[in-house]
>>> print(open('protein-v6.cif').read())   # mmCIF, C-alpha atoms and all ligand atoms
data_model
#
loop_
_atom_site.label_atom_id
_atom_site.label_comp_id
_atom_site.auth_asym_id
_atom_site.auth_seq_id
_atom_site.Cartn_x
_atom_site.Cartn_y
_atom_site.Cartn_z
CA MET Y 133 -24.33 -33.27 -68.82
CA ARG Y 134 -25.26 -35.35 -71.84
CA GLN Y 135 -27.44 -38.33 -71.15
CA THR Y 136 -28.27 -41.21 -73.42
CA LEU Y 137 -31.68 -42.80 -72.95
CA ARG Y 138 -31.82 -46.42 -73.88
CA ALA Y 139 -34.93 -48.55 -73.86
CA ALA Y 140 -34.94 -52.32 -73.89
CA ARG Y 141 -37.78 -54.79 -74.16
CA ALA Y 142 -37.60 -57.98 -72.15
CA GLY Y 143 -40.45 -60.36 -71.61
CA GLY Y 144 -43.08 -57.76 -72.52
CA LEU Y 145 -41.74 -55.23 -69.98
CA LEU Y 146 -40.17 -52.00 -71.08
CA PHE Y 147 -37.04 -51.08 -69.20
CA HIS Y 148 -35.54 -47.63 -69.39
CA HIS Y 149 -32.10 -46.90 -68.13
CA PHE Y 150 -29.84 -43.91 -68.36
CA VAL Y 151 -26.26 -44.30 -69.47
CA MET Y 152 -24.22 -41.36 -68.23
CA SER Y 153 -21.63 -40.55 -70.84
CA ILE Y 154 -18.54 -38.38 -70.41
CA PRO Y 155 -19.75 -34.87 -71.22
CA VAL Y 156 -18.09 -33.56 -74.35
CA PRO Y 157 -19.30 -29.98 -74.62
CA SER Y 158 -19.08 -28.11 -77.85
CA LEU Y 159 -15.43 -27.22 -78.26
CA ASP Y 160 -15.90 -25.14 -81.38
CA ALA Y 161 -15.54 -21.79 -79.65
CA LEU Y 162 -12.37 -22.86 -77.85
CA ARG Y 163 -10.93 -24.60 -80.92
CA SER Y 164 -11.21 -21.41 -82.96
CA ASN Y 165 -9.16 -19.56 -80.37
CA PHE Y 166 -6.55 -22.23 -79.57
CA ARG Y 167 -3.03 -22.72 -80.95
CA GLY Y 168 -2.25 -26.01 -79.18
CA GLU Y 169 -4.12 -29.30 -79.33
CA LEU Y 170 -7.49 -30.27 -77.83
CA ILE Y 171 -7.73 -34.00 -77.09
CA THR Y 172 -11.09 -35.65 -76.34
CA PRO Y 173 -12.12 -39.28 -75.71
CA ARG Y 174 -12.68 -39.62 -79.47
CA ASP Y 175 -8.96 -39.19 -80.18
CA SER Y 176 -6.52 -42.09 -80.33
CA SER Y 177 -4.06 -40.07 -78.22
CA TYR Y 178 -6.61 -39.65 -75.40
CA ASP Y 179 -5.38 -42.46 -73.13
CA ASN Y 180 -1.83 -41.18 -73.34
CA ALA Y 181 -2.93 -37.57 -72.81
CA ARG Y 182 -4.93 -38.33 -69.64
CA ARG Y 183 -2.15 -40.34 -67.98
CA VAL Y 184 -0.44 -38.99 -64.87
CA TRP Y 185 2.62 -40.17 -62.94
CA ASN Y 186 0.64 -42.15 -60.34
CA ALA Y 187 -0.68 -45.12 -62.32
CA LEU Y 188 -3.38 -45.71 -59.68
CA ILE Y 189 -5.10 -42.52 -60.83
CA ASP Y 190 -7.43 -43.34 -63.72
CA LYS Y 191 -9.51 -40.25 -64.45
CA ARG Y 192 -11.35 -39.43 -67.67
CA PRO Y 193 -11.51 -35.71 -68.42
CA ALA Y 194 -13.86 -34.45 -71.13
CA VAL Y 195 -10.99 -32.64 -72.79
CA VAL Y 196 -7.25 -32.29 -72.37
CA ALA Y 197 -6.13 -28.86 -73.54
CA MET Y 198 -2.46 -29.09 -74.55
CA CYS Y 199 -1.64 -25.41 -74.33
CA ALA Y 200 0.99 -23.84 -76.58
CA GLY Y 201 1.20 -20.49 -74.81
CA ALA Y 202 -0.36 -18.01 -72.41
CA ALA Y 203 -3.20 -17.20 -74.81
CA ASP Y 204 -4.23 -20.87 -74.82
CA VAL Y 205 -4.14 -20.95 -71.02
CA MET Y 206 -6.39 -17.89 -70.84
CA ALA Y 207 -8.78 -19.35 -73.41
CA THR Y 208 -8.98 -22.67 -71.54
CA VAL Y 209 -9.69 -21.07 -68.17
CA THR Y 210 -12.41 -18.93 -69.76
CA PHE Y 211 -13.91 -21.96 -71.54
CA ALA Y 212 -14.06 -24.03 -68.34
CA ARG Y 213 -15.66 -21.16 -66.46
CA GLU Y 214 -18.25 -20.48 -69.16
CA GLN Y 215 -19.14 -24.17 -69.48
CA GLY Y 216 -19.27 -24.64 -65.72
CA LEU Y 217 -16.69 -27.44 -65.94
CA LEU Y 218 -14.20 -28.59 -63.34
CA LEU Y 219 -10.68 -27.43 -64.23
CA ALA Y 220 -7.48 -29.28 -63.33
CA VAL Y 221 -4.03 -27.86 -64.07
CA ARG Y 222 -1.17 -30.18 -64.99
CA GLY Y 223 2.50 -29.27 -65.00
CA GLY Y 224 4.79 -32.26 -64.49
CA GLY Y 225 1.87 -34.53 -63.54
CA HIS Y 226 3.56 -35.85 -60.37
CA SER Y 227 0.74 -35.12 -57.93
CA ILE Y 228 0.48 -38.42 -56.07
CA ALA Y 229 -3.12 -37.64 -55.11
CA GLY Y 230 -4.03 -37.04 -58.77
CA ASN Y 231 -4.88 -33.37 -58.31
CA SER Y 232 -3.75 -32.48 -61.82
CA THR Y 233 -6.53 -34.42 -63.54
CA CYS Y 234 -10.27 -34.87 -63.12
CA ASP Y 235 -13.30 -36.81 -64.27
CA GLY Y 236 -15.56 -35.14 -66.80
CA GLY Y 237 -13.87 -31.73 -66.71
CA VAL Y 238 -11.02 -29.90 -68.39
CA VAL Y 239 -7.34 -30.72 -67.92
CA LEU Y 240 -5.26 -27.66 -68.68
CA ASP Y 241 -1.97 -29.26 -69.65
CA LEU Y 242 1.15 -27.10 -69.64
CA SER Y 243 3.60 -29.88 -70.58
CA ARG Y 244 4.31 -28.46 -74.05
CA MET Y 245 5.23 -25.04 -72.68
CA LYS Y 246 8.97 -25.47 -72.24
CA GLY Y 247 10.44 -22.00 -72.54
CA VAL Y 248 13.35 -21.07 -70.25
CA ARG Y 249 15.45 -17.94 -70.55
CA VAL Y 250 18.43 -17.50 -68.25
CA ASP Y 251 19.68 -14.00 -67.43
CA LYS Y 252 23.23 -14.54 -66.20
CA ILE Y 253 23.69 -10.96 -65.00
CA ALA Y 254 20.43 -10.75 -63.05
CA ARG Y 255 20.78 -14.43 -62.02
CA THR Y 256 17.14 -15.10 -62.88
CA ALA Y 257 15.45 -17.69 -65.08
CA PRO Y 258 11.87 -17.03 -66.24
CA ALA Y 259 10.39 -20.40 -67.20
CA GLU Y 260 7.05 -21.66 -68.49
CA GLY Y 261 4.73 -23.91 -66.52
CA GLY Y 262 5.50 -27.13 -68.39
CA VAL Y 263 9.21 -27.12 -67.58
CA LEU Y 264 10.60 -30.03 -65.53
CA TRP Y 265 13.49 -29.67 -63.10
CA GLN Y 266 15.95 -31.52 -65.33
CA GLU Y 267 15.10 -29.08 -68.12
CA LEU Y 268 15.53 -25.98 -65.95
CA ASP Y 269 18.80 -27.37 -64.56
CA HIS Y 270 20.04 -28.03 -68.08
CA GLU Y 271 19.56 -24.39 -69.04
CA THR Y 272 20.87 -22.80 -65.82
CA GLN Y 273 23.92 -25.07 -65.56
CA ALA Y 274 25.11 -23.81 -68.92
CA PHE Y 275 25.59 -20.47 -67.15
CA GLY Y 276 27.01 -21.96 -63.95
CA LEU Y 277 23.78 -21.26 -62.05
CA ALA Y 278 21.36 -23.42 -60.04
CA THR Y 279 18.39 -23.07 -57.72
CA THR Y 280 16.72 -25.47 -55.32
CA GLY Y 281 14.78 -28.11 -57.26
CA GLY Y 282 13.57 -31.61 -56.39
CA MET Y 283 15.62 -34.73 -55.76
CA LEU Y 284 14.49 -36.16 -59.11
CA GLY Y 285 14.54 -34.38 -62.45
CA ASP Y 286 11.14 -35.32 -63.80
CA THR Y 287 8.91 -33.39 -61.39
CA GLY Y 288 7.43 -30.14 -62.67
CA ILE Y 289 8.86 -26.82 -61.55
CA ALA Y 290 5.38 -25.33 -60.94
CA GLY Y 291 3.80 -28.04 -58.81
CA LEU Y 292 6.94 -28.58 -56.76
CA THR Y 293 7.33 -24.86 -56.12
CA LEU Y 294 3.67 -24.51 -55.06
CA GLY Y 295 4.32 -27.19 -52.42
CA GLY Y 296 7.38 -25.37 -51.05
CA GLY Y 297 9.96 -27.57 -52.75
CA PHE Y 298 12.97 -29.20 -51.14
CA GLY Y 299 16.03 -30.65 -52.86
CA TRP Y 300 19.73 -31.20 -52.87
CA ILE Y 301 20.83 -27.62 -52.23
CA CYS Y 302 18.03 -26.36 -49.97
CA GLY Y 303 20.36 -26.47 -46.96
CA LYS Y 304 22.33 -23.62 -48.51
CA TYR Y 305 19.74 -21.80 -50.63
CA GLY Y 306 16.40 -22.49 -48.90
CA LEU Y 307 13.21 -23.97 -50.26
CA THR Y 308 12.29 -23.56 -53.91
CA ILE Y 309 9.50 -21.16 -52.97
CA ASP Y 310 12.05 -18.93 -51.22
CA ASN Y 311 13.75 -18.45 -54.59
CA LEU Y 312 10.58 -17.59 -56.50
CA LEU Y 313 10.59 -13.93 -57.56
CA SER Y 314 7.33 -13.56 -59.51
CA VAL Y 315 4.59 -15.43 -61.35
CA ASP Y 316 2.08 -14.64 -64.09
CA PHE Y 317 -1.46 -15.29 -62.89
CA VAL Y 318 -4.40 -16.34 -65.04
CA VAL Y 319 -7.60 -15.92 -63.05
CA GLY Y 320 -11.01 -17.31 -63.87
CA LEU Y 321 -13.11 -14.59 -62.27
CA ARG Y 322 -15.94 -12.96 -64.18
C1 LIG U 401 8.76 -39.34 -57.82
C2 LIG U 401 8.51 -38.07 -57.04
C3 LIG U 401 9.58 -37.41 -56.47
C4 LIG U 401 9.37 -36.23 -55.74
N1 LIG U 401 10.45 -35.59 -55.19
C5 LIG U 401 10.27 -34.42 -54.56
C6 LIG U 401 11.38 -33.68 -54.03
O1 LIG U 401 12.53 -34.09 -54.10
N2 LIG U 401 11.14 -32.49 -53.43
C7 LIG U 401 9.86 -31.98 -53.30
O2 LIG U 401 9.73 -30.89 -52.78
N3 LIG U 401 8.79 -32.65 -53.77
C8 LIG U 401 8.96 -33.86 -54.39
N4 LIG U 401 7.88 -34.54 -54.86
C9 LIG U 401 6.55 -34.00 -54.66
C10 LIG U 401 6.24 -33.03 -55.80
O3 LIG U 401 6.87 -31.81 -55.56
C11 LIG U 401 4.73 -32.78 -55.89
O4 LIG U 401 4.08 -34.00 -56.21
C12 LIG U 401 4.42 -31.70 -56.90
O5 LIG U 401 3.09 -31.30 -56.69
C13 LIG U 401 4.63 -32.20 -58.33
O6 LIG U 401 4.54 -31.14 -59.22
P1 LIG U 401 4.22 -31.44 -60.77
O7 LIG U 401 4.12 -30.12 -61.50
O8 LIG U 401 5.13 -32.47 -61.30
O9 LIG U 401 2.80 -32.13 -60.62
P2 LIG U 401 1.32 -31.80 -61.12
O10 LIG U 401 0.58 -33.04 -60.77
O11 LIG U 401 1.30 -31.34 -62.53
O12 LIG U 401 0.90 -30.62 -60.21
C14 LIG U 401 0.84 -30.73 -58.79
C15 LIG U 401 -0.22 -29.75 -58.25
O13 LIG U 401 0.15 -28.42 -58.60
C16 LIG U 401 -0.86 -27.84 -59.43
N5 LIG U 401 -0.19 -27.09 -60.49
C17 LIG U 401 0.82 -27.50 -61.28
N6 LIG U 401 1.20 -26.53 -62.11
C18 LIG U 401 0.40 -25.46 -61.83
C19 LIG U 401 0.28 -24.16 -62.36
N7 LIG U 401 1.09 -23.70 -63.34
N8 LIG U 401 -0.66 -23.32 -61.85
C20 LIG U 401 -1.49 -23.75 -60.85
N9 LIG U 401 -1.43 -24.98 -60.32
C21 LIG U 401 -0.50 -25.83 -60.80
C22 LIG U 401 -1.66 -29.01 -59.99
O14 LIG U 401 -2.97 -28.63 -60.32
C23 LIG U 401 -1.61 -29.99 -58.84
O15 LIG U 401 -2.58 -29.65 -57.87
C24 LIG U 401 8.07 -35.71 -55.58
C25 LIG U 401 6.99 -36.39 -56.15
C26 LIG U 401 7.19 -37.56 -56.87
C27 LIG U 401 6.02 -38.28 -57.46
#
>>> encode(input="protein-v6.cif", output="structure tokens")
Amino acid sequence: MRQTLRAARAGGLLFHHFVMSIPVPSLDALRSNFRGELITPRDSSYDNARRVWNALIDKRPAVVAMCAGAADVMATVTFAREQGLLLAVRGGGHSIAGNSTCDGGVVLDLSRMKGVRVDKIARTAPAEGGVLWQELDHETQAFGLATTGGMLGDTGIAGLTLGGGFGWICGKYGLTIDNLLSVDFVVGLR
């Protein structure tokens, strides 16, 4: 963690105090291997990038990694592990407890990963981690298909599914998690 030592003279006494700054580790290695955008406290877009749905949550990550694809996700997980930084994953950002952000660590933001591909014959819809329910519904409804999502459209499909997920049609089709067929895992193990 970077520390700034400041000394001040007052009345002949020398006072030292440490000002703990938000750690901004060298991002060069990650930047060279990243297709999306890395946002740090130095950027004007930082306050917008660190915002989550619950306005009571006011955390200041060292970097927000706006991933553009799976390779960015893998690079971000590896970077956080190598730097020994806390990692928070954000999909739709609706965690009321603020679990999708953190102080001083890395926010792995999936919100720009919006791919959805509906297979009408197989009745499946592979979708990326940044997709919201209103976006998934938009794509599946074009084929006359639907699955259990949330009551509101702006929650993320990933976070809601990880919590089980209940919505308008769960009485007939079960919880969201009951309709999940497979996931791609990115693990941070050495
Ligand atoms: C206004 C509102 C309405 C809601 N309505 C409903 C409802 O009708 N039905 C219902 O079941 N729930 C509902 N919820 C609860 C909601 O499902 C949870 O808050 C859910 O966690 C939000 O998911 P998210 O992706 O939007 O949030 P995020 O904050 O992005 O993520 C939530 C959690 O999941 C983790 N996560 C997200 N994506 C991934 C990923 N790809 N890999 C690993 N971890 C991940 C995050 O790290 C975090 O811990 C509602 C919440 C709100 C605020």
>>> residues_around(input="protein-v6.cif", residues="stretch 263-275 of chain Y", least_positions_apart="2", cutoff="6 Å", atoms="all atoms listed in the file", output="count of residues only")
10
>>> residues_near_ligand(input="protein-v6.cif", ligand="ligand LIG 401 (chain U)", cutoff="6 Å", atoms="all atoms listed in the file", output="number ranges by chain")
Y: 220-228, 231-232, 261, 282-284, 287-292, 297-299
>>> closest_residue(input="protein-v6.cif", among="Y:Val209, Y:Ala202, Y:Leu217, Y:Leu240", to="Y:Ile171", atoms="only C-alpha atoms")
Y:Leu240
>>> atom_distance(input="protein-v6.cif", atom1="atom CA of Y:Cys199", atom2="atom CA of Y:Thr280")
26.4 Å
>>> closest_residue(input="protein-v6.cif", among="Y:Val184, Y:Met245, Y:Ala212, Y:Leu159", to="Y:Met198", atoms="only C-alpha atoms")
Y:Met245
>>> closest_residue(input="protein-v6.cif", among="Y:Val205, Y:Leu170, Y:Val238, Y:Val250", to="Y:Lys191", atoms="only C-alpha atoms")
Y:Val238
>>> closest_residue(input="protein-v6.cif", among="Y:Val319, Y:Leu218, Y:Met206, Y:Ala194", to="Y:Ser158", atoms="only C-alpha atoms")
Y:Ala194
>>> atom_distance(input="protein-v6.cif", atom1="atom CA of Y:Asp204", atom2="atom CA of Y:Leu162")
8.9 Å
